[in-house]
file run_14.cif (mmCIF, C-alpha atoms)
data_work
loop_
_atom_site.label_atom_id
_atom_site.label_comp_id
_atom_site.auth_asym_id
_atom_site.auth_seq_id
_atom_site.Cartn_x
_atom_site.Cartn_y
_atom_site.Cartn_z
CA MET A 16 55.59 1.55 66.65
CA HIS A 17 58.68 0.27 68.51
CA SER A 18 60.48 -0.70 65.29
CA ALA A 19 59.87 2.71 63.59
CA LEU A 20 61.49 4.76 66.38
CA PRO A 21 65.02 3.30 66.05
CA ARG A 22 64.99 3.71 62.31
CA ALA A 23 64.21 7.46 62.65
CA THR A 24 66.98 8.12 65.16
CA LEU A 25 69.75 6.21 63.38
CA PRO A 26 70.70 9.05 61.01
CA LEU A 27 70.87 11.51 63.91
CA LEU A 28 73.12 9.27 65.94
CA ALA A 29 75.44 8.77 62.99
CA ALA A 30 75.76 12.52 62.42
CA ALA A 31 76.53 13.11 66.09
CA LEU A 32 79.29 10.50 66.02
CA VAL A 33 80.87 12.07 62.95
CA LEU A 34 80.84 15.56 64.54
CA ALA A 35 82.29 14.26 67.76
CA GLY A 36 85.11 12.60 65.87
CA CYS A 37 85.95 15.76 63.92
CA SER A 38 85.92 17.84 67.09
CA HIS A 39 88.22 15.37 68.81
CA GLU A 40 90.68 15.44 65.90
CA GLU A 41 90.62 19.27 65.82
CA GLU A 42 91.32 19.50 69.54
CA GLN A 43 94.20 17.08 69.14
CA GLY A 44 95.60 19.19 66.30
CA LYS A 45 95.37 22.36 68.38
CA GLY A 46 96.97 20.71 71.33
CA GLY A 47 99.78 19.49 69.13
CA ARG A 48 100.37 22.94 67.76
CA ARG A 49 100.46 24.52 71.22
CA GLY A 50 102.86 21.99 72.49
CA GLY A 51 105.07 22.10 69.44
CA ASN A 52 105.30 25.95 69.16
CA ARG A 53 105.82 26.80 72.83
CA GLY A 54 109.01 28.84 73.43
CA PRO A 55 110.45 32.00 75.02
CA ALA A 56 108.14 35.01 74.95
CA GLN A 57 109.27 37.74 72.60
CA VAL A 58 109.39 41.16 74.26
CA GLY A 59 110.41 44.64 73.16
CA PHE A 60 112.89 46.60 75.27
CA VAL A 61 114.52 50.01 75.39
CA VAL A 62 117.97 50.79 76.77
CA VAL A 63 117.71 53.56 79.34
CA GLN A 64 120.34 56.18 80.15
CA PRO A 65 120.24 58.95 82.75
CA THR A 66 119.15 62.35 81.51
CA SER A 67 118.36 65.81 82.87
CA VAL A 68 114.69 66.09 83.78
CA PRO A 69 113.01 69.15 85.34
CA GLU A 70 111.32 68.38 88.65
CA THR A 71 107.94 69.94 88.00
CA VAL A 72 105.41 70.65 90.73
CA GLU A 73 101.83 71.90 90.63
CA LEU A 74 100.76 73.92 93.66
CA ASN A 75 97.86 76.02 94.87
CA ALA A 76 98.28 79.75 94.38
CA ARG A 77 96.42 82.99 94.85
CA VAL A 78 96.65 86.26 92.92
CA THR A 79 97.80 89.36 94.83
CA ALA A 80 98.06 92.97 93.68
CA TYR A 81 101.55 94.17 92.78
CA GLU A 82 100.92 97.38 94.73
CA GLN A 83 97.97 98.38 96.87
CA SER A 84 97.30 101.67 98.63
CA GLU A 85 94.40 102.97 100.68
CA VAL A 86 93.40 106.56 99.96
CA ARG A 87 93.00 108.25 103.36
CA PRO A 88 92.37 111.85 104.41
CA GLN A 89 95.05 113.61 106.44
CA VAL A 90 92.81 116.48 107.63
CA ALA A 91 89.23 116.64 108.85
CA GLY A 92 86.40 118.23 106.93
CA LEU A 93 83.52 117.75 104.51
CA ILE A 94 84.17 116.22 101.10
CA ARG A 95 83.48 118.96 98.61
CA GLN A 96 84.28 117.26 95.27
CA ARG A 97 85.26 113.89 93.81
CA PHE A 98 87.42 114.06 90.68
CA PHE A 99 87.72 110.42 89.54
CA LYS A 100 85.46 107.83 87.96
CA GLU A 101 85.10 104.61 89.95
CA GLY A 102 86.97 101.69 88.37
CA SER A 103 89.20 103.90 86.23
CA ILE A 104 92.98 104.08 85.99
CA VAL A 105 94.49 106.91 88.03
CA ARG A 106 98.06 108.23 88.04
CA GLN A 107 100.24 108.96 91.03
CA GLY A 108 99.67 112.54 92.27
CA GLU A 109 96.37 112.92 90.42
CA PRO A 110 93.74 114.70 92.62
CA LEU A 111 90.94 112.40 93.78
CA TYR A 112 88.96 114.36 96.39
CA GLU A 113 88.70 117.91 97.65
CA ILE A 114 87.94 118.57 101.31
CA ASP A 115 86.42 121.94 102.21
CA PRO A 116 89.54 124.18 102.37
CA ARG A 117 88.08 127.35 103.91
CA LEU A 118 89.12 126.68 107.50
CA TYR A 119 92.64 125.75 106.42
CA SER A 120 92.93 128.77 104.16
CA ALA A 121 91.99 130.96 107.13
CA ALA A 122 94.59 129.20 109.26
CA VAL A 123 97.23 130.06 106.67
CA SER A 124 96.23 133.72 106.75
CA GLU A 125 96.36 133.75 110.55
CA ALA A 126 99.80 132.16 110.57
CA GLN A 127 101.05 134.72 108.07
CA ALA A 128 99.80 137.57 110.28
CA ASN A 129 101.42 136.05 113.38
CA LEU A 130 104.69 135.71 111.51
CA GLN A 131 104.64 139.37 110.47
CA SER A 132 103.96 140.43 114.05
CA ALA A 133 106.81 138.30 115.32
CA ARG A 134 109.18 139.74 112.78
CA ALA A 135 108.25 143.32 113.77
CA ASN A 136 108.79 142.56 117.46
CA ALA A 137 112.11 140.90 116.68
CA GLU A 138 113.26 143.95 114.79
CA ALA A 139 112.33 146.29 117.66
CA THR A 140 114.09 144.20 120.30
CA ARG A 141 117.17 143.87 118.12
CA VAL A 142 117.45 147.63 117.66
CA ASN A 143 116.98 148.20 121.39
CA ALA A 144 119.72 145.74 122.29
CA GLU A 145 122.13 147.30 119.81
CA ARG A 146 121.45 150.79 121.21
CA LEU A 147 122.12 149.71 124.79
CA ARG A 148 125.34 147.90 124.02
CA PRO A 149 127.64 150.99 123.69
CA LEU A 150 125.93 152.60 126.67
CA ALA A 151 126.64 149.57 128.78
CA GLN A 152 130.27 149.68 127.70
CA MET A 153 130.46 153.33 128.88
CA GLU A 154 128.57 152.34 132.04
CA ALA A 155 125.83 154.82 131.16
CA VAL A 156 123.33 151.98 131.78
CA SER A 157 123.72 148.92 133.90
CA GLN A 158 125.11 145.75 132.42
CA GLN A 159 121.99 143.92 133.56
CA GLU A 160 119.76 146.16 131.52
CA TYR A 161 121.74 145.44 128.37
CA THR A 162 121.72 141.72 129.10
CA ASN A 163 117.93 141.72 129.40
CA ALA A 164 117.58 143.62 126.11
CA ALA A 165 119.83 141.18 124.26
CA ALA A 166 117.90 138.20 125.65
CA ALA A 167 114.60 139.77 124.56
CA ALA A 168 115.99 140.20 121.05
CA ARG A 169 116.94 136.54 120.89
CA GLN A 170 113.52 135.46 122.18
CA ALA A 171 111.85 137.61 119.56
CA GLN A 172 113.97 135.96 116.85
CA ALA A 173 112.95 132.49 118.13
CA ALA A 174 109.31 133.55 118.01
CA VAL A 175 109.81 134.42 114.34
CA ALA A 176 111.04 130.85 113.68
CA GLN A 177 108.07 129.38 115.57
CA ASN A 178 105.57 131.39 113.59
CA GLN A 179 107.37 130.44 110.37
CA ALA A 180 106.88 126.77 111.24
CA GLN A 181 103.22 127.33 112.09
CA LEU A 182 102.73 129.01 108.73
CA GLU A 183 104.34 126.02 106.96
CA THR A 184 102.07 123.64 108.90
CA ALA A 185 99.01 125.62 107.92
CA ARG A 186 100.06 125.58 104.26
CA ILE A 187 100.61 121.78 104.38
CA ASN A 188 97.17 121.23 105.89
CA LEU A 189 95.70 123.43 103.18
CA ARG A 190 97.37 121.26 100.53
CA PHE A 191 95.98 118.16 102.28
CA THR A 192 92.47 119.35 101.48
CA THR A 193 93.21 118.04 97.99
CA VAL A 194 93.61 114.24 98.35
CA PRO A 195 95.96 112.88 95.63
CA ALA A 196 96.50 109.32 94.37
CA PRO A 197 99.43 107.79 96.29
CA ILE A 198 100.21 105.28 93.50
CA SER A 199 99.24 104.62 89.90
CA GLY A 200 96.69 101.86 89.33
CA ARG A 201 93.02 100.99 89.10
CA ILE A 202 90.85 102.65 91.73
CA GLY A 203 87.83 100.91 93.20
CA ARG A 204 84.54 102.29 94.39
CA SER A 205 84.40 105.39 96.53
CA LEU A 206 83.44 104.55 100.11
CA PHE A 207 82.49 108.16 100.90
CA THR A 208 80.29 110.51 98.92
CA VAL A 209 80.33 114.27 98.46
CA GLY A 210 79.18 115.94 101.69
CA ALA A 211 80.49 113.18 103.98
CA LEU A 212 82.55 114.21 107.00
CA VAL A 213 85.99 112.62 107.08
CA THR A 214 88.76 112.70 109.66
CA ALA A 215 92.45 111.95 109.66
CA ASN A 216 92.12 108.92 111.99
CA GLN A 217 89.01 107.28 110.59
CA ALA A 218 88.86 103.49 110.25
CA ASN A 219 87.76 103.24 106.60
CA PRO A 220 89.71 104.57 103.61
CA LEU A 221 88.12 106.82 101.04
CA ALA A 222 88.99 104.32 98.26
CA VAL A 223 91.55 101.63 97.40
CA ILE A 224 93.99 101.72 94.47
CA GLN A 225 95.60 98.53 93.14
CA ARG A 226 98.35 98.14 90.58
CA LEU A 227 97.56 95.05 88.51
CA ASP A 228 100.25 95.07 85.81
CA PRO A 229 102.50 93.39 86.64
CA ILE A 230 100.81 91.25 89.29
CA TYR A 231 101.92 88.82 91.98
CA VAL A 232 100.89 85.21 92.47
CA ASP A 233 101.55 83.76 95.92
CA ILE A 234 102.26 80.01 95.75
CA GLN A 235 101.87 77.75 98.77
CA GLN A 236 104.35 74.85 99.11
CA SER A 237 104.50 72.47 102.06
CA SER A 238 107.56 72.80 104.26
CA THR A 239 108.11 69.03 103.90
CA ALA A 240 108.44 69.28 100.11
CA LEU A 241 110.72 72.30 100.38
CA LEU A 242 112.95 70.45 102.88
CA ALA A 243 113.17 67.44 100.56
CA LEU A 244 114.17 69.72 97.69
CA ARG A 245 116.93 71.37 99.72
CA GLN A 246 118.26 68.01 100.83
CA ALA A 247 118.31 66.82 97.20
CA LEU A 248 120.18 69.96 96.18
CA SER A 249 122.78 69.42 98.88
CA SER A 250 123.28 65.72 98.11
CA GLY A 251 124.09 66.28 94.41
CA GLY A 252 122.41 65.02 91.27
CA VAL A 253 119.86 67.83 91.49
CA VAL A 254 120.71 71.38 90.43
CA PRO A 255 118.63 74.53 90.95
CA THR A 256 116.95 76.33 88.08
CA ARG A 257 115.28 79.69 87.59
CA ALA A 258 111.64 78.76 87.87
CA VAL A 259 109.42 79.79 84.96
CA VAL A 260 105.84 79.48 86.17
CA ARG A 261 102.72 78.63 84.19
CA LEU A 262 99.23 79.21 85.59
CA LYS A 263 96.07 77.14 85.35
CA LEU A 264 93.02 79.32 85.92
CA GLU A 265 89.89 78.44 87.86
CA ASP A 266 88.06 77.22 84.74
CA GLY A 267 90.90 74.84 83.84
CA THR A 268 92.35 76.92 81.02
CA GLU A 269 95.99 77.96 80.98
CA TYR A 270 97.02 81.59 81.34
CA GLY A 271 98.75 82.68 78.17
CA ARG A 272 101.79 84.31 79.80
CA THR A 273 104.50 82.91 82.03
CA GLY A 274 105.91 84.33 85.24
CA VAL A 275 109.07 84.05 87.29
CA VAL A 276 109.50 83.12 90.95
CA GLU A 277 111.10 86.11 92.66
CA PHE A 278 111.60 84.89 96.23
CA ALA A 279 110.50 82.45 98.92
CA GLU A 280 109.65 83.50 102.45
CA SER A 281 112.04 82.41 105.19
CA LEU A 282 109.32 81.31 107.59
CA VAL A 283 106.69 78.57 107.78
CA ASP A 284 103.07 79.43 108.46
CA PRO A 285 102.29 77.61 111.73
CA ASN A 286 98.61 77.27 110.81
CA THR A 287 99.08 75.63 107.40
CA GLY A 288 102.65 74.29 107.49
CA THR A 289 103.42 75.96 104.16
CA VAL A 290 105.97 78.37 102.78
CA THR A 291 104.92 81.17 100.42
CA LEU A 292 106.72 81.58 97.09
CA ARG A 293 105.96 84.76 95.16
CA ALA A 294 105.92 84.86 91.34
CA ARG A 295 105.51 87.93 89.14
CA PHE A 296 103.38 87.83 85.97
CA PRO A 297 102.62 90.36 83.24
CA ASN A 298 98.93 91.25 83.23
CA PRO A 299 98.35 93.80 80.46
CA ASP A 300 94.80 92.60 79.76
CA GLY A 301 93.75 92.64 83.42
CA LEU A 302 92.68 88.97 83.26
CA LEU A 303 94.26 88.17 86.63
CA LEU A 304 92.48 89.83 89.52
CA PRO A 305 93.49 89.94 93.19
CA GLY A 306 91.95 87.12 95.19
CA MET A 307 91.67 84.63 92.29
CA PHE A 308 92.67 81.03 93.06
CA THR A 309 94.93 79.34 90.49
CA ARG A 310 97.29 76.38 90.10
CA ALA A 311 100.96 77.17 89.52
CA VAL A 312 103.07 74.73 87.49
CA PHE A 313 106.84 75.17 87.50
CA ALA A 314 110.18 73.35 87.75
CA GLN A 315 112.04 73.99 90.98
CA ALA A 316 115.16 72.00 90.06
CA ILE A 317 116.69 69.72 87.41
CA ASN A 318 117.43 66.08 88.23
CA THR A 319 120.51 65.07 86.24
CA ARG A 320 120.22 61.38 87.19
CA ALA A 321 116.65 60.60 86.18
CA PHE A 322 115.47 58.02 83.62
CA LEU A 323 112.60 58.47 81.19
CA VAL A 324 110.68 55.20 80.89
CA PRO A 325 107.63 54.71 78.62
CA GLN A 326 104.47 54.50 80.67
CA PRO A 327 103.40 50.98 79.51
CA ALA A 328 106.53 49.53 81.14
CA ILE A 329 105.49 50.42 84.69
CA THR A 330 102.76 48.78 86.74
CA ARG A 331 101.72 49.40 90.32
CA ASP A 332 100.85 47.03 93.12
CA PRO A 333 97.81 47.56 95.41
CA ALA A 334 99.97 49.72 97.68
CA GLY A 335 100.81 52.02 94.76
CA LYS A 336 104.48 50.95 94.47
CA ALA A 337 105.89 51.09 90.94
CA THR A 338 107.52 48.02 89.37
CA LEU A 339 108.88 47.12 85.95
CA PHE A 340 110.71 44.29 84.20
CA VAL A 341 114.22 44.39 82.78
CA VAL A 342 116.07 41.86 80.67
CA GLY A 343 118.38 40.08 83.10
CA PRO A 344 121.27 37.64 82.64
CA ASN A 345 120.61 34.71 80.28
CA ASN A 346 117.61 36.58 78.88
CA ARG A 347 115.54 36.14 82.01
CA ALA A 348 112.87 38.56 83.24
CA VAL A 349 113.93 40.48 86.35
CA GLN A 350 111.36 42.53 88.25
CA ARG A 351 112.52 45.83 89.76
CA LYS A 352 110.93 48.19 92.25
CA VAL A 353 111.42 51.79 91.14
CA VAL A 354 110.48 55.28 92.25
CA ALA A 355 108.28 56.95 89.64
CA ASN A 356 106.11 59.73 91.05
CA VAL A 357 105.70 62.12 88.11
CA THR A 358 105.27 61.90 84.36
CA GLN A 359 106.74 63.87 81.51
CA GLY A 360 104.77 63.52 78.31
CA THR A 361 104.32 59.79 77.63
CA ASN A 362 107.09 58.75 80.01
CA TRP A 363 107.44 58.10 83.70
CA VAL A 364 110.32 59.89 85.41
CA VAL A 365 112.18 57.19 87.35
CA THR A 366 114.45 58.61 90.05
CA ASP A 367 115.54 55.35 91.74
CA GLY A 368 115.78 51.64 90.93
CA LEU A 369 117.48 51.70 87.51
CA GLN A 370 121.08 51.68 86.32
CA PRO A 371 122.53 53.12 83.10
CA GLY A 372 122.25 50.62 80.27
CA ASP A 373 119.36 48.59 81.73
CA LYS A 374 117.09 46.99 79.14
CA VAL A 375 113.60 47.93 80.27
CA ILE A 376 110.82 45.79 78.81
CA VAL A 377 108.15 48.06 77.38
CA GLN A 378 106.24 45.69 75.07
CA GLY A 379 104.86 42.25 75.71
CA THR A 380 104.62 42.70 79.46
CA GLY A 381 101.09 41.34 79.80
CA ASN A 382 101.90 37.82 80.99
CA LEU A 383 105.47 38.26 82.19
CA ARG A 384 106.56 36.57 85.39
CA PRO A 385 109.84 36.96 87.29
CA ASP A 386 112.63 34.70 85.94
CA ALA A 387 110.64 33.87 82.79
CA GLU A 388 112.72 33.02 79.73
CA LEU A 389 112.67 35.80 77.13
CA ARG A 390 113.46 36.46 73.51
CA PRO A 391 114.21 40.21 73.69
CA VAL A 392 114.23 42.46 70.65
CA PRO A 393 114.48 46.26 70.43
CA ALA A 394 111.10 47.93 70.88
CA ASP A 395 108.96 48.29 67.74
CA SER A 396 111.11 45.80 65.78
CA PRO A 397 109.20 44.39 62.78
CA GLN A 398 108.29 40.67 62.78
CA ARG A 399 108.35 38.15 60.02
CA VAL A 400 104.84 37.92 58.62
CA ALA A 401 103.59 34.36 57.98
CA PRO A 402 101.17 33.90 55.07
CA PRO A 403 97.66 32.65 55.85
CA GLN A 404 97.44 28.84 55.79
CA GLU A 405 94.57 26.44 55.43
CA LYS A 406 93.44 24.18 58.25
CA GLN A 407 95.10 21.22 56.55
CA GLY A 408 97.82 19.62 58.56
CA GLY A 409 96.46 21.03 61.81
CA GLN A 410 97.61 24.63 61.02
CA GLY A 411 95.34 27.63 61.39
CA LYS A 412 95.58 31.15 60.08
CA GLN A 413 98.36 33.35 61.44
CA GLY A 414 98.01 37.11 60.98
CA ALA A 415 100.71 39.76 60.92
CA THR A 416 101.55 41.25 64.31
CA SER A 417 104.13 43.66 65.63
CA GLY A 418 106.88 42.08 67.67
CA ALA A 419 107.00 45.03 70.07
CA THR A 420 103.26 45.46 70.54
CA SER A 421 102.09 41.82 70.47
CA PRO A 422 105.12 39.53 70.79
CA ALA A 423 104.94 36.33 68.78
CA LYS A 424 104.80 33.00 70.60
CA GLY A 425 106.73 30.97 68.08
CA GLY A 426 109.69 31.25 65.76
#
call {"tool": "encode", "arguments": {"input": "run_14.cif", "output": "structure tokens"}}
result
Amino acid sequence: MHSALPRATLPLLAAALVLAGCSHEEEQGKGGRRGGNRGPAQVGFVVVQPTSVPETVELNARVTAYEQSEVRPQVAGLIRQRFFKEGSIVRQGEPLYEIDPRLYSAAVSEAQANLQSARANAEATRVNAERLRPLAQMEAVSQQEYTNAAAAARQAQAAVAQNQAQLETARINLRFTTVPAPISGRIGRSLFTVGALVTANQANPLAVIQRLDPIYVDIQQSSTALLALRQALSSGGVVPTRAVVRLKLEDGTEYGRTGVVEFAESLVDPNTGTVTLRARFPNPDGLLLPGMFTRAVFAQAINTRAFLVPQPAITRDPAGKATLFVVGPNNRAVQRKVVANVTQGTNWVVTDGLQPGDKVIVQGTGNLRPDAELRPVPADSPQRVAPPQEKQGGQGKQGATSGATSPAKGG
């Protein structure tokens, strides 16, 4: 039994020794290749130059009616008729309600009668004063009597003017019994029905009219951001631009029409610390409604000293600070801290930390370290493709790679 066991295990031991020897030779061959082909890392770079880049912001906004007017009665009375359909478009001056006009019509008639009476009295006093004037000159009557007659004539003429004004007031009140639309726009629901008593000083309006085309969008911007923008404008390098605004609706879709910022308020809301900017948009389809919350995207200024850097070139540390590598003297990697807060397409907008003509490394940045030796080539440069080789001579297969995307390790 003891002699049979060694004979059975001998072939297995021999095979294990052979495999161990092959593995050792292969590891030696790989180690030789790594040591022999080590060299500067090939990286792809782009040469950056300053360019004009819009400084785009995205802010909260709310839709506001272009015009809004409350329909209110100017006389008291019962609503007799309603002439409009709720939710329809009404035109300025179009009648909306009729208040019972009978009392006001009677007031007009009374004022007309008072005016006629005043005119008759004025005529009588005038004639009397004119008759006494020559008699007073001849001293047939006393001067005082003539003076009293002339004063009575003037008082009667003033009474005519007073009654004329009362008649005009009565006619105006009669016209107020028909309540017209103060502006053109879409009218909402009627808050009072036929038969309701209304007064000139009531708290609630009869209805509300809103003009929705065009329409306003009020944008809220922090006073800190606005101050930074003004300081940038005053220091140079940033120039103002007429802001064309795009809207993102509540469901995430983009409104199909653009607007223009018309003005910014000259005060800061003490409760929110924001300044209101008002933009005007066309709204022919009525898609934007007052009270809707949106996001406004627009360029407030143009930075003429910004750099556009491809996004793969920039990394961020745990604190969120942006860094990148440039090709330094003697083809050494130099790490730079930059300011890159916004993107434009596939690029970061770098506003500080770069100089014109810098060679920014955009490809092959995976294992870069500061002061590492480099073999820089323009980004997306083609590499020499080595044909596949057999394992003989300690060489393995080498596939085709792009020098800019996956830099080669050897020459």
call {"tool": "atom_distance", "arguments": {"input": "run_14.cif", "atom1": "CA of Lys100 (chain A)", "atom2": "CA of Leu221 (chain A)"}}
result
13.4 Å
call {"tool": "resolve_selection", "arguments": {"input": "run_14.cif", "expression": "the PyMOL selection byres ((chain A and resi 345) around 12)", "output": "list in words"}}
result
Pro55, Val341, Val342, Gly343, Pro344, Asn346, Arg347, Ala348, Val349, Asp386, Ala387, Glu388, Leu389, Arg390 and Pro391 of chain A
call {"tool": "residues_near_point", "arguments": {"input": "run_14.cif", "point": "(107.8, 64.3, 85.4)", "cutoff": "8 Å", "atoms": "only C-alpha atoms", "output": "number ranges by chain"}}
result
A: 68-71, 356-360, 362-364
call {"tool": "write_last_selection", "arguments": {"input": "run_14.cif", "atoms": "C-alpha atoms", "output": "mmCIF file, in the coordinates of the input"}}
result
data_model
loop_
_atom_site.group_PDB
_atom_site.id
_atom_site.type_symbol
_atom_site.label_atom_id
_atom_site.label_comp_id
_atom_site.auth_asym_id
_atom_site.auth_seq_id
_atom_site.Cartn_x
_atom_site.Cartn_y
_atom_site.Cartn_z
ATOM 1 C CA VAL A 68 114.690 66.090 83.780
ATOM 2 C CA PRO A 69 113.010 69.150 85.340
ATOM 3 C CA GLU A 70 111.320 68.380 88.650
ATOM 4 C CA THR A 71 107.940 69.940 88.000
ATOM 5 C CA ASN A 356 106.110 59.730 91.050
ATOM 6 C CA VAL A 357 105.700 62.120 88.110
ATOM 7 C CA THR A 358 105.270 61.900 84.360
ATOM 8 C CA GLN A 359 106.740 63.870 81.510
ATOM 9 C CA GLY A 360 104.770 63.520 78.310
ATOM 10 C CA ASN A 362 107.090 58.750 80.010
ATOM 11 C CA TRP A 363 107.440 58.100 83.700
ATOM 12 C CA VAL A 364 110.320 59.890 85.410
#
call {"tool": "residues_near_point", "arguments": {"input": "run_14.cif", "point": "(97.8, 84.0, 82.9)", "cutoff": "9 Å", "atoms": "only C-alpha atoms", "output": "MDAnalysis selection string"}}
result
chainID A and resid 261:264 269:274 296:298 302:303
call {"tool": "write_last_selection", "arguments": {"input": "run_14.cif", "atoms": "C-alpha atoms", "output": "PDB file, keeping the file's coordinate frame"}}
result
ATOM      1  CA  ARG A 261     102.720  78.630  84.190  1.00  0.00           C
ATOM      2  CA  LEU A 262      99.230  79.210  85.590  1.00  0.00           C
ATOM      3  CA  LYS A 263      96.070  77.140  85.350  1.00  0.00           C
ATOM      4  CA  LEU A 264      93.020  79.320  85.920  1.00  0.00           C
ATOM      5  CA  GLU A 269      95.990  77.960  80.980  1.00  0.00           C
ATOM      6  CA  TYR A 270      97.020  81.590  81.340  1.00  0.00           C
ATOM      7  CA  GLY A 271      98.750  82.680  78.170  1.00  0.00           C
ATOM      8  CA  ARG A 272     101.790  84.310  79.800  1.00  0.00           C
ATOM      9  CA  THR A 273     104.500  82.910  82.030  1.00  0.00           C
ATOM     10  CA  GLY A 274     105.910  84.330  85.240  1.00  0.00           C
ATOM     11  CA  PHE A 296     103.380  87.830  85.970  1.00  0.00           C
ATOM     12  CA  PRO A 297     102.620  90.360  83.240  1.00  0.00           C
ATOM     13  CA  ASN A 298      98.930  91.250  83.230  1.00  0.00           C
ATOM     14  CA  LEU A 302      92.680  88.970  83.260  1.00  0.00           C
ATOM     15  CA  LEU A 303      94.260  88.170  86.630  1.00  0.00           C
TER      16      LEU A 303
END
call {"tool": "atom_distance", "arguments": {"input": "run_14.cif", "atom1": "CA of Ala167 (chain A)", "atom2": "CA of Glu183 (chain A)"}}
result
24.6 Å
call {"tool": "decode", "arguments": {"input": "run_14.cif", "residues": "region 150-164 of chain A", "atoms": "N, CA and C atoms", "output": "tab-separated table (two decimals), in the first residue's frame"}}
result
chain	number	residue	atom	x	y	z
A	150	LEU	N	-83.80	154.43	-13.56
A	150	LEU	CA	-84.51	155.14	-12.52
A	150	LEU	C	-83.58	155.57	-11.40
A	151	ALA	N	-82.62	154.71	-11.10
A	151	ALA	CA	-81.66	155.08	-10.06
A	151	ALA	C	-80.78	156.22	-10.52
A	152	GLN	N	-80.47	156.24	-11.82
A	152	GLN	CA	-79.65	157.33	-12.35
A	152	GLN	C	-80.41	158.67	-12.28
A	153	MET	N	-81.74	158.61	-12.43
A	153	MET	CA	-82.55	159.84	-12.35
A	153	MET	C	-82.98	160.12	-10.92
A	154	GLU	N	-82.56	159.26	-10.00
A	154	GLU	CA	-82.90	159.36	-8.59
A	154	GLU	C	-84.39	159.22	-8.35
A	155	ALA	N	-85.05	158.49	-9.27
A	155	ALA	CA	-86.48	158.20	-9.08
A	155	ALA	C	-86.65	157.09	-8.03
A	156	VAL	N	-85.67	156.21	-7.92
A	156	VAL	CA	-85.60	155.19	-6.86
A	156	VAL	C	-84.26	155.35	-6.18
A	157	SER	N	-84.19	154.77	-5.01
A	157	SER	CA	-82.92	154.88	-4.28
A	157	SER	C	-81.84	154.00	-4.92
A	158	GLN	N	-80.63	154.41	-4.70
A	158	GLN	CA	-79.50	153.64	-5.22
A	158	GLN	C	-79.44	152.26	-4.56
A	159	GLN	N	-79.83	152.21	-3.30
A	159	GLN	CA	-79.81	150.93	-2.59
A	159	GLN	C	-80.79	149.94	-3.21
A	160	GLU	N	-81.91	150.39	-3.63
A	160	GLU	CA	-82.89	149.50	-4.24
A	160	GLU	C	-82.34	148.90	-5.54
A	161	TYR	N	-81.68	149.71	-6.33
A	161	TYR	CA	-81.09	149.19	-7.57
A	161	TYR	C	-79.97	148.20	-7.26
A	162	THR	N	-79.18	148.53	-6.25
A	162	THR	CA	-78.08	147.62	-5.89
A	162	THR	C	-78.62	146.26	-5.47
A	163	ASN	N	-79.66	146.24	-4.70
A	163	ASN	CA	-80.26	144.96	-4.27
A	163	ASN	C	-80.81	144.18	-5.48
A	164	ALA	N	-81.39	144.87	-6.44
A	164	ALA	CA	-81.94	144.19	-7.61
A	164	ALA	C	-80.83	143.59	-8.47
